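**Q** One structure coming up, written as structure tokens, with questions to follow.
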Amino acid sequence: MIVDDELLVAEALKRMLTREKYDVDSVLSGAEALENVRHKKYALAIIDKNMPGMSGIQACREIRKFCQNLAVILMTGESTVPQAEFLAAGGGAVMYKPFLKGEVQEAVHKALGPGNLLKNS
């Protein structure tokens, strides 16, 4: 699941990962992400750090209440991230915007590990 308040970013990531044969949903807010995880199982969430309403770190913390095994990648355009806060919220890797296609693919593969659950067979 892609969570980013910037529609163009969310849709670009969704298209990129769909071409890689991943089953991807995209939402525009942390609140929408919470609604989705209540009804569908996800293996990975890529969440923007800065969103109106609920930040990416807050969304990660709330999502963890429903999905303890979910891999979470935080994306940000900032040069620094409060890594300790993100890890305490249950987060994992950080991707810095702008990122290249290969960087996204590598982060996703690392986060999901072997035999990932998102790829359709």
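Lettering and numbering for the structure tokens are positional, with chains as A, B, ... in the shown order, residues counted from 1 in each chain, and ligands counted from 1 in the shown order.
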Distance table requested - range 42-90 of chain A against range 3-15 of chain A, cut-off 6 Å, only C-alpha atoms: one row per qualifying residue with the closest atom pair and its distance in Å to one decimal, ordered by chain and rising residue number, as a tab-separated table.

**A**
```
residue	atom	partner	partner_atom	distance
A:Ile47	CA	A:Val3	CA	4.6
A:Asp48	CA	A:Asp4	CA	5.1
A:Met51	CA	A:Asp5	CA	5.8
```

**Q** Could you save those same residues with C-alpha atoms as a PDB file, in the first residue's frame?

**A**
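Writing done, so here's part-v4.pdb:
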```pdb
ATOM      1  CA  ILE A  47       4.257   5.963   3.766  1.00  0.00           C
ATOM      2  CA  ASP A  48       5.091   9.624   3.201  1.00  0.00           C
ATOM      3  CA  MET A  51       1.012  14.562   5.301  1.00  0.00           C
TER       4      MET A  51
END
```

**Q** As a list in words, please: the residues near range 37-44 of chain A (cut-off 10 Å, only C-alpha atoms, same-chain neighbours under 3 positions excluded).

**A**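 Counting only C-alpha atoms, the residues come to Met1, Ile2, Asp23, Val24, Asp25, Glu32, Ala33, Leu34, Ile47, Ile63, Arg64, Lys65, Phe66, Cys67, Asn69, Leu70, Ala71, Val72, Ile73, Val108, Ala111, Leu112, Asn116, Leu117, Leu118 and Lys119 of chain A.
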
**Q** Could you jot down the CA of Met95 in chain A to CA of Ile46 in chain A separation for me, Å, one decimal place?

**A**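 Separating CA of Met95 in chain A from CA of Ile46 in chain A is a distance of 9.1 Å.
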
**Q** Restricting the calculation to only C-alpha atoms: of A:Lys49, A:Lys21, A:His109, A:Lys97, which residue gets closest to Gly77 in chain A?

**A**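 The answer is A:Lys97, which sits nearest to Gly77 in chain A.
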
**Q** What is the CA of Gln58 in chain A-CA of Gly92 in chain A distance in Å, reported with one decimal?

**A**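 Those two atoms sit 13.9 Å apart.
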
**Q** Taking only C-alpha atoms into account, which of A:Leu17, A:Glu62, A:Phe86, A:Gly30 comes nearest Glu106 in chain A?

**A**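 Of all the options, A:Leu17 lies closest to Glu106 in chain A.
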
**Q** Fewer than 6 positions away in the same chain doesn't count, so skip those; otherwise give me all residues within 12 Å of Pro82 in chain A, counting only C-alpha atoms, as a VMD selection string.

**A** chain A and resid 49 56 to 57 74 76 88 to 89 91 94

**Q** What would the file look like if the residues just selected were written as a PDB file, in the first residue's frame with N, CA and C atoms?

**A**
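Contents of the output file again03.pdb:
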```
ATOM      1  N   LYS A  49       6.275  10.787   4.991  1.00  0.00           N
ATOM      2  CA  LYS A  49       6.451  11.300   6.348  1.00  0.00           C
ATOM      3  C   LYS A  49       5.549  12.493   6.623  1.00  0.00           C
ATOM      4  N   GLY A  56       3.288  10.526   8.653  1.00  0.00           N
ATOM      5  CA  GLY A  56       3.645   9.150   8.317  1.00  0.00           C
ATOM      6  C   GLY A  56       4.051   8.338   9.536  1.00  0.00           C
ATOM      7  N   ILE A  57       4.753   8.978  10.466  1.00  0.00           N
ATOM      8  CA  ILE A  57       5.166   8.276  11.684  1.00  0.00           C
ATOM      9  C   ILE A  57       3.944   7.948  12.545  1.00  0.00           C
ATOM     10  N   LEU A  74       9.354   4.445   5.114  1.00  0.00           N
ATOM     11  CA  LEU A  74       8.989   5.855   5.212  1.00  0.00           C
ATOM     12  C   LEU A  74       9.671   6.589   4.070  1.00  0.00           C
ATOM     13  N   THR A  76      10.517  10.464   2.428  1.00  0.00           N
ATOM     14  CA  THR A  76      10.567  11.866   2.815  1.00  0.00           C
ATOM     15  C   THR A  76      11.436  12.666   1.863  1.00  0.00           C
ATOM     16  N   ALA A  88      10.690   3.336  16.755  1.00  0.00           N
ATOM     17  CA  ALA A  88       9.814   3.089  17.905  1.00  0.00           C
ATOM     18  C   ALA A  88       8.361   2.935  17.474  1.00  0.00           C
ATOM     19  N   ALA A  89       7.988   3.587  16.371  1.00  0.00           N
ATOM     20  CA  ALA A  89       6.629   3.475  15.844  1.00  0.00           C
ATOM     21  C   ALA A  89       6.422   2.194  15.057  1.00  0.00           C
ATOM     22  N   GLY A  91       8.518   1.337  12.339  1.00  0.00           N
ATOM     23  CA  GLY A  91       8.984   1.527  10.977  1.00  0.00           C
ATOM     24  C   GLY A  91      10.276   0.795  10.681  1.00  0.00           C
ATOM     25  N   VAL A  94      14.028   3.882   5.229  1.00  0.00           N
ATOM     26  CA  VAL A  94      13.662   5.243   4.820  1.00  0.00           C
ATOM     27  C   VAL A  94      14.142   5.446   3.390  1.00  0.00           C
TER      28      VAL A  94
END
```

**Q** Tell me, in Å to one decimal, how far CA of Ser79 in chain A is from CA of Val104 in chain A.

**A** 17.3 Å

**Q** For the strand (DSSP E) assignment from backbone DSSP, which residues of chain A qualify? Please present them as a PyMOL selection string.

**A** chain A and resi 2-3+26-27+44-48+71-76+94-96
